[in-house]
file protein-v5.cif (mmCIF, C-alpha atoms)
data_final
loop_
_atom_site.group_PDB
_atom_site.id
_atom_site.type_symbol
_atom_site.label_atom_id
_atom_site.label_comp_id
_atom_site.auth_asym_id
_atom_site.auth_seq_id
_atom_site.Cartn_x
_atom_site.Cartn_y
_atom_site.Cartn_z
ATOM 1 C CA MET A 1 13.885 10.124 12.139
ATOM 2 C CA CYS A 2 14.047 6.598 10.777
ATOM 3 C CA ALA A 3 13.412 4.747 14.039
ATOM 4 C CA ILE A 4 9.916 3.467 14.702
ATOM 5 C CA SER A 5 8.604 2.408 18.070
ATOM 6 C CA THR A 6 6.941 -0.989 18.466
ATOM 7 C CA ARG A 7 4.645 0.317 21.164
ATOM 8 C CA ALA A 8 1.021 -0.477 20.227
ATOM 9 C CA THR A 9 -1.397 2.375 19.682
ATOM 10 C CA SER A 10 -4.927 1.035 20.100
ATOM 11 C CA ALA A 11 -5.595 -2.488 18.869
ATOM 12 C CA SER A 12 -8.877 -3.317 20.564
ATOM 13 C CA THR A 13 -9.518 -6.956 19.640
ATOM 14 C CA GLU A 14 -7.262 -9.837 20.569
ATOM 15 C CA VAL A 15 -6.766 -12.059 17.533
ATOM 16 C CA ASN A 16 -4.799 -15.285 17.701
ATOM 17 C CA ILE A 17 -1.904 -14.146 15.507
ATOM 18 C CA GLY A 18 -0.306 -17.570 15.242
ATOM 19 C CA LEU A 19 -3.537 -19.173 14.050
ATOM 20 C CA LEU A 20 -4.262 -16.242 11.735
ATOM 21 C CA ILE A 21 -0.874 -16.521 10.040
ATOM 22 C CA ALA A 22 -1.124 -20.302 9.754
ATOM 23 C CA ARG A 23 -4.560 -20.059 8.123
ATOM 24 C CA LEU A 24 -3.414 -17.400 5.672
ATOM 25 C CA LYS A 25 -0.321 -19.411 4.737
ATOM 26 C CA THR A 26 -2.530 -22.402 3.965
ATOM 27 C CA ALA A 27 -4.955 -20.278 1.946
ATOM 28 C CA TYR A 28 -2.260 -18.386 0.001
ATOM 29 C CA PRO A 29 0.817 -20.604 -0.373
ATOM 30 C CA ASP A 30 1.885 -18.518 -3.379
ATOM 31 C CA ALA A 31 1.910 -15.200 -1.499
ATOM 32 C CA GLU A 32 4.982 -13.209 -2.518
ATOM 33 C CA CYS A 33 5.977 -9.839 -3.934
ATOM 34 C CA ALA A 34 4.054 -9.339 -7.178
ATOM 35 C CA LEU A 35 6.554 -6.886 -8.666
ATOM 36 C CA HIS A 36 8.934 -8.558 -11.108
ATOM 37 C CA HIS A 37 12.561 -7.746 -10.378
ATOM 38 C CA GLU A 38 16.067 -9.159 -10.627
ATOM 39 C CA ASP A 39 17.919 -7.082 -8.051
ATOM 40 C CA PRO A 40 17.280 -4.498 -5.290
ATOM 41 C CA PHE A 41 17.633 -1.553 -7.709
ATOM 42 C CA ARG A 42 14.962 -2.830 -10.076
ATOM 43 C CA LEU A 43 12.749 -3.657 -7.117
ATOM 44 C CA LEU A 44 13.223 -0.109 -5.800
ATOM 45 C CA ILE A 45 12.269 1.474 -9.128
ATOM 46 C CA ALA A 46 9.294 -0.865 -9.599
ATOM 47 C CA THR A 47 8.016 -0.038 -6.119
ATOM 48 C CA ILE A 48 8.263 3.704 -6.771
ATOM 49 C CA LEU A 49 6.338 3.212 -10.030
ATOM 50 C CA SER A 50 3.648 1.170 -8.245
ATOM 51 C CA ALA A 51 2.325 4.229 -6.377
ATOM 52 C CA GLN A 52 -1.289 4.775 -7.492
ATOM 53 C CA CYS A 53 -0.797 2.045 -10.089
ATOM 54 C CA THR A 54 -1.397 -1.702 -10.284
ATOM 55 C CA ASP A 55 1.475 -4.156 -10.049
ATOM 56 C CA GLU A 56 0.320 -5.680 -13.339
ATOM 57 C CA ARG A 57 0.770 -2.374 -15.135
ATOM 58 C CA VAL A 58 4.201 -1.846 -13.577
ATOM 59 C CA ASN A 59 5.257 -5.325 -14.688
ATOM 60 C CA MET A 60 4.282 -4.391 -18.247
ATOM 61 C CA VAL A 61 6.402 -1.234 -18.153
ATOM 62 C CA THR A 62 9.575 -2.311 -16.360
ATOM 63 C CA PRO A 63 10.898 -4.773 -18.991
ATOM 64 C CA VAL A 64 11.090 -1.939 -21.514
ATOM 65 C CA LEU A 65 12.459 0.481 -18.919
ATOM 66 C CA PHE A 66 15.253 -1.807 -17.695
ATOM 67 C CA ALA A 67 16.159 -3.025 -21.163
ATOM 68 C CA ARG A 68 17.066 0.566 -21.977
ATOM 69 C CA TYR A 69 18.294 1.694 -18.540
ATOM 70 C CA PRO A 70 19.440 -1.427 -16.633
ATOM 71 C CA GLY A 71 21.151 0.181 -13.643
ATOM 72 C CA PRO A 72 21.527 3.338 -11.522
ATOM 73 C CA ALA A 73 24.155 4.955 -13.753
ATOM 74 C CA ALA A 74 22.134 4.488 -16.932
ATOM 75 C CA MET A 75 18.953 5.668 -15.198
ATOM 76 C CA ASN A 76 20.733 8.736 -13.870
ATOM 77 C CA ASP A 77 22.041 9.670 -17.334
ATOM 78 C CA ALA A 78 18.739 9.047 -19.132
ATOM 79 C CA ASP A 79 16.848 11.741 -20.985
ATOM 80 C CA PRO A 80 13.884 12.583 -18.689
ATOM 81 C CA ARG A 81 11.561 12.813 -21.686
ATOM 82 C CA SER A 82 12.472 9.270 -22.685
ATOM 83 C CA LEU A 83 11.751 8.024 -19.155
ATOM 84 C CA GLU A 84 8.439 9.866 -19.065
ATOM 85 C CA GLU A 85 7.335 8.268 -22.313
ATOM 86 C CA ILE A 86 8.181 4.758 -21.101
ATOM 87 C CA ILE A 87 6.459 5.067 -17.707
ATOM 88 C CA ARG A 88 3.585 7.309 -18.796
ATOM 89 C CA SER A 89 0.944 4.582 -18.359
ATOM 90 C CA THR A 90 1.786 4.187 -14.657
ATOM 91 C CA GLY A 91 0.367 7.646 -13.901
ATOM 92 C CA PHE A 92 2.030 10.696 -12.324
ATOM 93 C CA TYR A 93 4.870 10.001 -14.732
ATOM 94 C CA ARG A 94 6.582 13.398 -14.381
ATOM 95 C CA ASN A 95 6.894 13.135 -10.604
ATOM 96 C CA LYS A 96 7.894 9.485 -10.860
ATOM 97 C CA THR A 97 10.582 10.346 -13.396
ATOM 98 C CA LYS A 98 12.021 12.905 -10.965
ATOM 99 C CA SER A 99 11.917 10.354 -8.147
ATOM 100 C CA ILE A 100 13.550 7.457 -9.999
ATOM 101 C CA GLN A 101 16.257 9.661 -11.496
ATOM 102 C CA GLY A 102 16.844 11.366 -8.161
ATOM 103 C CA ALA A 103 17.117 7.992 -6.424
ATOM 104 C CA ALA A 104 19.481 6.696 -9.115
ATOM 105 C CA ARG A 105 21.645 9.804 -8.837
ATOM 106 C CA ARG A 106 21.981 9.505 -5.079
ATOM 107 C CA ILE A 107 22.742 5.778 -5.320
ATOM 108 C CA VAL A 108 25.535 6.530 -7.806
ATOM 109 C CA GLU A 109 26.967 9.537 -6.002
ATOM 110 C CA THR A 110 26.584 8.480 -2.373
ATOM 111 C CA TYR A 111 26.365 4.682 -2.310
ATOM 112 C CA GLN A 112 28.803 3.715 -5.091
ATOM 113 C CA GLY A 113 26.035 2.408 -7.322
ATOM 114 C CA ALA A 114 24.558 -0.069 -4.799
ATOM 115 C CA VAL A 115 21.104 0.298 -3.247
ATOM 116 C CA PRO A 116 21.686 0.796 0.495
ATOM 117 C CA SER A 117 20.477 -1.903 2.884
ATOM 118 C CA ARG A 118 19.717 0.293 5.897
ATOM 119 C CA MET A 119 16.401 1.997 6.559
ATOM 120 C CA GLU A 120 17.952 5.353 7.416
ATOM 121 C CA ASP A 121 19.874 5.386 4.123
ATOM 122 C CA LEU A 122 16.925 4.307 1.985
ATOM 123 C CA LEU A 123 14.788 7.087 3.431
ATOM 124 C CA THR A 124 17.229 9.663 2.018
ATOM 125 C CA LEU A 125 16.434 8.570 -1.550
ATOM 126 C CA PRO A 126 13.910 10.696 -3.477
ATOM 127 C CA GLY A 127 10.519 9.005 -3.736
ATOM 128 C CA VAL A 128 11.208 6.588 -0.878
ATOM 129 C CA ALA A 129 9.127 6.458 2.307
ATOM 130 C CA ARG A 130 8.799 3.618 4.836
ATOM 131 C CA LYS A 131 6.574 1.450 2.643
ATOM 132 C CA THR A 132 9.053 1.427 -0.250
ATOM 133 C CA ALA A 133 12.013 1.054 2.089
ATOM 134 C CA ASN A 134 10.377 -1.936 3.790
ATOM 135 C CA VAL A 135 9.734 -3.574 0.410
ATOM 136 C CA VAL A 136 13.375 -3.166 -0.616
ATOM 137 C CA LEU A 137 14.742 -4.347 2.724
ATOM 138 C CA GLY A 138 12.328 -7.252 3.131
ATOM 139 C CA VAL A 139 12.085 -8.561 -0.420
ATOM 140 C CA GLY A 140 15.411 -7.356 -1.811
ATOM 141 C CA TYR A 141 17.650 -8.061 1.189
ATOM 142 C CA GLY A 142 15.608 -10.326 3.480
ATOM 143 C CA ILE A 143 15.887 -7.793 6.313
ATOM 144 C CA ALA A 144 12.865 -7.448 8.614
ATOM 145 C CA GLU A 145 13.061 -3.799 9.609
ATOM 146 C CA GLY A 146 9.296 -3.189 9.578
ATOM 147 C CA VAL A 147 5.994 -4.217 7.994
ATOM 148 C CA VAL A 148 4.914 -3.022 4.560
ATOM 149 C CA VAL A 149 1.626 -1.132 4.908
ATOM 150 C CA ASP A 150 -0.177 -0.619 1.617
ATOM 151 C CA THR A 151 -3.929 -0.135 1.112
ATOM 152 C CA HIS A 152 -4.666 -3.867 1.498
ATOM 153 C CA VAL A 153 -2.600 -4.250 4.671
ATOM 154 C CA ASP A 154 -4.130 -1.100 6.137
ATOM 155 C CA ARG A 155 -7.717 -2.162 5.377
ATOM 156 C CA ILE A 156 -7.413 -5.762 6.551
ATOM 157 C CA SER A 157 -5.460 -4.893 9.701
ATOM 158 C CA HIS A 158 -8.384 -2.679 10.714
ATOM 159 C CA ARG A 159 -10.972 -5.332 9.842
ATOM 160 C CA LEU A 160 -9.107 -7.925 11.900
ATOM 161 C CA GLY A 161 -8.939 -5.562 14.868
ATOM 162 C CA LEU A 162 -5.147 -5.482 14.832
ATOM 163 C CA THR A 163 -5.156 -1.693 14.821
ATOM 164 C CA ARG A 164 -7.411 1.340 14.938
ATOM 165 C CA ALA A 165 -4.633 3.724 13.961
ATOM 166 C CA GLY A 166 -5.206 6.515 11.505
ATOM 167 C CA THR A 167 -1.930 6.620 9.558
ATOM 168 C CA PRO A 168 0.212 3.952 7.856
ATOM 169 C CA VAL A 169 3.109 4.629 10.230
ATOM 170 C CA GLN A 170 0.858 4.086 13.251
ATOM 171 C CA VAL A 171 -0.627 0.953 11.659
ATOM 172 C CA GLU A 172 2.903 -0.356 11.155
ATOM 173 C CA ARG A 173 3.710 0.266 14.814
ATOM 174 C CA ASP A 174 0.715 -1.811 15.889
ATOM 175 C CA LEU A 175 1.578 -4.662 13.525
ATOM 176 C CA MET A 176 5.202 -4.693 14.654
ATOM 177 C CA LYS A 177 3.928 -5.092 18.201
ATOM 178 C CA ARG A 178 1.445 -7.876 17.423
ATOM 179 C CA VAL A 179 3.216 -9.917 14.733
ATOM 180 C CA PRO A 180 6.397 -11.909 15.484
ATOM 181 C CA ARG A 181 9.394 -10.278 13.834
ATOM 182 C CA GLU A 182 10.268 -13.402 11.863
ATOM 183 C CA GLU A 183 6.866 -13.061 10.134
ATOM 184 C CA TRP A 184 6.987 -9.308 9.360
ATOM 185 C CA ILE A 185 8.073 -9.714 5.736
ATOM 186 C CA HIS A 186 5.732 -12.539 4.777
ATOM 187 C CA PHE A 187 2.795 -11.240 6.813
ATOM 188 C CA ALA A 188 2.410 -8.247 4.481
ATOM 189 C CA HIS A 189 2.366 -10.535 1.425
ATOM 190 C CA LEU A 190 -0.300 -12.699 3.061
ATOM 191 C CA LEU A 191 -2.549 -9.726 3.794
ATOM 192 C CA ILE A 192 -2.060 -8.322 0.294
ATOM 193 C CA PHE A 193 -3.065 -11.625 -1.312
ATOM 194 C CA HIS A 194 -5.994 -11.917 1.110
ATOM 195 C CA GLY A 195 -7.075 -8.403 0.204
ATOM 196 C CA ARG A 196 -6.935 -9.057 -3.525
ATOM 197 C CA ARG A 197 -8.674 -12.435 -3.503
ATOM 198 C CA THR A 198 -11.064 -12.472 -0.558
ATOM 199 C CA CYS A 199 -11.174 -9.427 1.734
ATOM 200 C CA VAL A 200 -11.784 -6.959 -1.078
ATOM 201 C CA ALA A 201 -12.492 -3.314 -0.407
ATOM 202 C CA ARG A 202 -16.225 -2.869 -1.053
ATOM 203 C CA LYS A 203 -17.790 -6.297 -0.610
ATOM 204 C CA PRO A 204 -15.530 -8.668 1.338
ATOM 205 C CA ARG A 205 -16.246 -12.333 0.635
ATOM 206 C CA CYS A 206 -16.724 -13.238 4.289
ATOM 207 C CA ALA A 207 -18.753 -16.372 3.520
ATOM 208 C CA VAL A 208 -15.684 -18.056 2.019
ATOM 209 C CA CYS A 209 -13.022 -16.339 4.121
ATOM 210 C CA PRO A 210 -10.434 -18.715 5.654
ATOM 211 C CA VAL A 211 -10.187 -16.541 8.789
ATOM 212 C CA GLN A 212 -13.858 -15.611 9.174
ATOM 213 C CA ASP A 213 -14.094 -17.035 12.708
ATOM 214 C CA LEU A 214 -11.064 -14.975 13.785
ATOM 215 C CA CYS A 215 -12.309 -11.689 12.314
ATOM 216 C CA PRO A 216 -14.457 -9.331 14.434
ATOM 217 C CA SER A 217 -15.710 -7.590 11.300
ATOM 218 C CA ALA A 218 -17.040 -10.715 9.559
ATOM 219 C CA PRO A 219 -20.346 -10.990 11.515
ATOM 220 C CA ILE A 220 -21.065 -7.334 10.787
ATOM 221 C CA PHE A 221 -20.447 -7.670 7.048
ATOM 222 C CA LEU A 222 -22.421 -10.925 6.900
ATOM 223 C CA SER A 223 -25.408 -9.146 8.477
ATOM 224 C CA GLY A 224 -25.392 -6.662 5.602
ATOM 225 C CA ARG A 225 -23.845 -3.829 7.582
ATOM 226 C CA VAL A 226 -20.474 -2.097 7.549
ATOM 227 C CA PRO A 227 -18.356 -1.753 10.728
ATOM 228 C CA ALA A 228 -18.599 1.698 12.260
ATOM 229 C CA TRP A 229 -14.888 2.475 11.872
ATOM 230 C CA GLU A 230 -14.950 1.509 8.187
ATOM 231 C CA ARG A 231 -18.196 3.373 7.607
ATOM 232 C CA ALA A 232 -16.519 6.523 8.881
ATOM 233 C CA ARG A 233 -13.503 6.009 6.599
ATOM 234 C CA ARG A 234 -15.721 5.380 3.601
ATOM 235 C CA GLY A 235 -18.144 8.186 4.407
ATOM 236 C CA LYS A 236 -21.002 5.781 3.686
ATOM 237 C CA PRO A 237 -24.260 4.834 5.463
ATOM 238 C CA ALA A 238 -24.338 1.775 7.716
ATOM 239 C CA ARG A 239 -26.295 -0.549 5.420
ATOM 240 C CA ARG A 240 -24.957 -1.429 2.001
ATOM 241 C CA GLY A 241 -26.804 0.027 -0.904
ATOM 242 C CA LYS A 242 -28.794 2.541 1.173
ATOM 243 C CA PRO A 243 -29.372 5.540 -1.094
ATOM 244 C CA ALA A 244 -28.564 9.051 -0.004
ATOM 245 C CA ARG A 245 -31.585 11.216 0.877
ATOM 246 C CA PRO A 246 -32.452 13.448 -2.087
ATOM 247 C CA ARG A 247 -32.791 17.182 -1.621
ATOM 248 C CA ALA A 248 -36.340 18.423 -1.388
ATOM 249 C CA LYS A 249 -37.708 19.907 -4.590
ATOM 250 C CA SER A 250 -38.803 23.036 -2.753
ATOM 251 C CA ALA A 251 -35.223 23.593 -1.620
ATOM 252 C CA LEU A 252 -34.039 23.247 -5.181
ATOM 253 C CA ARG A 253 -36.650 25.709 -6.417
ATOM 254 C CA ASN A 254 -35.790 28.252 -3.733
ATOM 255 C CA ALA A 255 -32.037 28.005 -4.218
ATOM 256 C CA LYS A 256 -30.586 31.258 -5.507
ATOM 257 C CA PRO A 257 -28.580 31.073 -8.711
ATOM 258 C CA ALA A 258 -24.884 31.851 -8.413
ATOM 259 C CA ARG A 259 -23.958 35.368 -9.480
ATOM 260 C CA GLY A 260 -21.254 36.069 -12.000
ATOM 261 C CA LYS A 261 -18.842 33.664 -13.639
ATOM 262 C CA ALA A 262 -16.656 31.232 -11.808
ATOM 263 C CA LYS A 263 -13.020 32.191 -11.602
ATOM 264 C CA ARG A 264 -10.542 30.025 -13.412
ATOM 265 C CA ARG A 265 -7.890 28.384 -11.330
#
call {"tool": "encode", "arguments": {"input": "protein-v5.cif", "output": "structure tokens"}}
result
Amino acid sequence: MCAISTRATSASTEVNIGLLIARLKTAYPDAECALHHEDPFRLLIATILSAQCTDERVNMVTPVLFARYPGPAAMNDADPRSLEEIIRSTGFYRNKTKSIQGAARRIVETYQGAVPSRMEDLLTLPGVARKTANVVLGVGYGIAEGVVVDTHVDRISHRLGLTRAGTPVQVERDLMKRVPREEWIHFAHLLIFHGRRTCVARKPRCAVCPVQDLCPSAPIFLSGRVPAWERARRGKPARRGKPARPRAKSALRNAKPARGKAKRR
């Protein structure tokens, strides 16, 4: 269940990984985990809270959260309504409250109050999938068990031609095959910083990109187009800014009005 094969799926473009990593290290010497933490437990909780939320917002919430509930036992015993109020601004606060309390409870009851340092154990904690487990292992314990795949890592890995996989787990498999194991932990930080500062989602800054000559997508973006694979994922036309074709007025006039009232759901 917890094992992951390093067999590549379908990376179509050969990129010089050594040169790519060296360039990114030069461009982003400050690349590191952006979540503030003091120990593996606080890192675990911060990573769970970061789902569908910015790291900046999480870093605003966690000082208050950990001042009141500093460890697994205190988090487990907390009033759920109090937790919900503290983490409300991170979004999905009810589900996140269940996850962080469930994780704390299992850590207390099964792991004697210490966050486990094995992938198979971490994956038994509520709210923890491979991404969160890799963050805890890599950043919290310095263990390279896999590669963190968040939205930045996923997007940039595709743009660099390191993968054409459709799921984060498959993307991770391809990266584990292509990237030397001793770079797995830091490589994710480098791509995340690159994604935030240069290779942004909608309009990548290819003209100033430190790895432009290594990237198969750069010439396409610089020509004003979007790579076919990314166009399909976005559901957008090939050329940036091309408006969608409006419906003909005659079709609008001839459209039959809906009958009855819509049902409430």
call {"tool": "atom_distance", "arguments": {"input": "protein-v5.cif", "atom1": "CA of Ala188 (chain A)", "atom2": "CA of Ile17 (chain A)"}}
result
13.2 Å
call {"tool": "resolve_selection", "arguments": {"input": "protein-v5.cif", "expression": "the PyMOL selection byres ((chain A and resi 213) around 12)", "output": "list of chain:residue names"}}
result
A:Val15, A:Asn16, A:Leu19, A:Leu20, A:Arg23, A:Leu160, A:Cys206, A:Ala207, A:Val208, A:Cys209, A:Pro210, A:Val211, A:Gln212, A:Leu214, A:Cys215, A:Pro216, A:Ser217, A:Ala218, A:Pro219, A:Leu222
call {"tool": "resolve_selection", "arguments": {"input": "protein-v5.cif", "expression": "the PyMOL selection byres ((chain A and resi 192-201) around 7)", "output": "PyMOL selection string"}}
result
chain A and resi 28+31+152-153+156+188-191+202-205+209
call {"tool": "write_last_selection", "arguments": {"input": "protein-v5.cif", "atoms": "C-alpha atoms", "output": "mmCIF file, keeping the file's coordinate frame"}}
result
data_model
loop_
_atom_site.group_PDB
_atom_site.id
_atom_site.type_symbol
_atom_site.label_atom_id
_atom_site.label_comp_id
_atom_site.auth_asym_id
_atom_site.auth_seq_id
_atom_site.Cartn_x
_atom_site.Cartn_y
_atom_site.Cartn_z
ATOM 1 C CA TYR A 28 -2.260 -18.386 0.001
ATOM 2 C CA ALA A 31 1.910 -15.200 -1.499
ATOM 3 C CA HIS A 152 -4.666 -3.867 1.498
ATOM 4 C CA VAL A 153 -2.600 -4.250 4.671
ATOM 5 C CA ILE A 156 -7.413 -5.762 6.551
ATOM 6 C CA ALA A 188 2.410 -8.247 4.481
ATOM 7 C CA HIS A 189 2.366 -10.535 1.425
ATOM 8 C CA LEU A 190 -0.300 -12.699 3.061
ATOM 9 C CA LEU A 191 -2.549 -9.726 3.794
ATOM 10 C CA ARG A 202 -16.225 -2.869 -1.053
ATOM 11 C CA LYS A 203 -17.790 -6.297 -0.610
ATOM 12 C CA PRO A 204 -15.530 -8.668 1.338
ATOM 13 C CA ARG A 205 -16.246 -12.333 0.635
ATOM 14 C CA CYS A 209 -13.022 -16.339 4.121
#
call {"tool": "residues_around", "arguments": {"input": "protein-v5.cif", "residues": "Ser117 (chain A)", "least_positions_apart": "6", "cutoff": "12 Å", "atoms": "all atoms listed in the file", "output": "number ranges by chain"}}
result
A: 40-41, 44, 107, 111, 123, 133-145
call {"tool": "closest_residue", "arguments": {"input": "protein-v5.cif", "among": "A:Asp77, A:Asp30, A:Glu230, A:Asp39", "to": "Arg159 (chain A)", "atoms": "all atoms listed in the file"}}
result
A:Glu230
call {"tool": "closest_residue", "arguments": {"input": "protein-v5.cif", "among": "A:Pro227, A:Gly235, A:Gly71, A:Pro80", "to": "Ala104 (chain A)", "atoms": "all atoms listed in the file"}}
result
A:Gly71
call {"tool": "atom_distance", "arguments": {"input": "protein-v5.cif", "atom1": "CA of Lys131 (chain A)", "atom2": "CA of Phe221 (chain A)"}}
result
28.9 Å
call {"tool": "closest_residue", "arguments": {"input": "protein-v5.cif", "among": "A:Gly166, A:Gly102, A:Gly224, A:Gly127", "to": "Ser50 (chain A)", "atoms": "only C-alpha atoms"}}
result
A:Gly127
call {"tool": "resolve_selection", "arguments": {"input": "protein-v5.cif", "expression": "the PyMOL selection byres ((chain A and resi 170-183) around 10)", "output": "CSV table (one decimal) with C-alpha atoms, in the coordinates of the input"}}
result
chain,number,residue,atom,x,y,z
A,4,ILE,CA,9.9,3.5,14.7
A,5,SER,CA,8.6,2.4,18.1
A,6,THR,CA,6.9,-1.0,18.5
A,7,ARG,CA,4.6,0.3,21.2
A,8,ALA,CA,1.0,-0.5,20.2
A,9,THR,CA,-1.4,2.4,19.7
A,10,SER,CA,-4.9,1.0,20.1
A,11,ALA,CA,-5.6,-2.5,18.9
A,14,GLU,CA,-7.3,-9.8,20.6
A,15,VAL,CA,-6.8,-12.1,17.5
A,16,ASN,CA,-4.8,-15.3,17.7
A,17,ILE,CA,-1.9,-14.1,15.5
A,18,GLY,CA,-0.3,-17.6,15.2
A,21,ILE,CA,-0.9,-16.5,10.0
A,130,ARG,CA,8.8,3.6,4.8
A,131,LYS,CA,6.6,1.4,2.6
A,143,ILE,CA,15.9,-7.8,6.3
A,144,ALA,CA,12.9,-7.4,8.6
A,145,GLU,CA,13.1,-3.8,9.6
A,146,GLY,CA,9.3,-3.2,9.6
A,147,VAL,CA,6.0,-4.2,8.0
A,148,VAL,CA,4.9,-3.0,4.6
A,149,VAL,CA,1.6,-1.1,4.9
A,153,VAL,CA,-2.6,-4.2,4.7
A,154,ASP,CA,-4.1,-1.1,6.1
A,155,ARG,CA,-7.7,-2.2,5.4
A,157,SER,CA,-5.5,-4.9,9.7
A,158,HIS,CA,-8.4,-2.7,10.7
A,162,LEU,CA,-5.1,-5.5,14.8
A,163,THR,CA,-5.2,-1.7,14.8
A,164,ARG,CA,-7.4,1.3,14.9
A,165,ALA,CA,-4.6,3.7,14.0
A,166,GLY,CA,-5.2,6.5,11.5
A,167,THR,CA,-1.9,6.6,9.6
A,168,PRO,CA,0.2,4.0,7.9
A,169,VAL,CA,3.1,4.6,10.2
A,184,TRP,CA,7.0,-9.3,9.4
A,185,ILE,CA,8.1,-9.7,5.7
A,186,HIS,CA,5.7,-12.5,4.8
A,187,PHE,CA,2.8,-11.2,6.8
A,188,ALA,CA,2.4,-8.2,4.5
call {"tool": "closest_residue", "arguments": {"input": "protein-v5.cif", "among": "A:Thr62, A:Thr132, A:Thr26, A:Thr47", "to": "Arg88 (chain A)", "atoms": "only C-alpha atoms"}}
result
A:Thr62
call {"tool": "atom_distance", "arguments": {"input": "protein-v5.cif", "atom1": "CA of Val115 (chain A)", "atom2": "CA of Ala73 (chain A)"}}
result
11.9 Å
call {"tool": "closest_residue", "arguments": {"input": "protein-v5.cif", "among": "A:Arg225, A:Arg105, A:His36, A:Lys96", "to": "Arg57 (chain A)", "atoms": "only C-alpha atoms"}}
result
A:His36
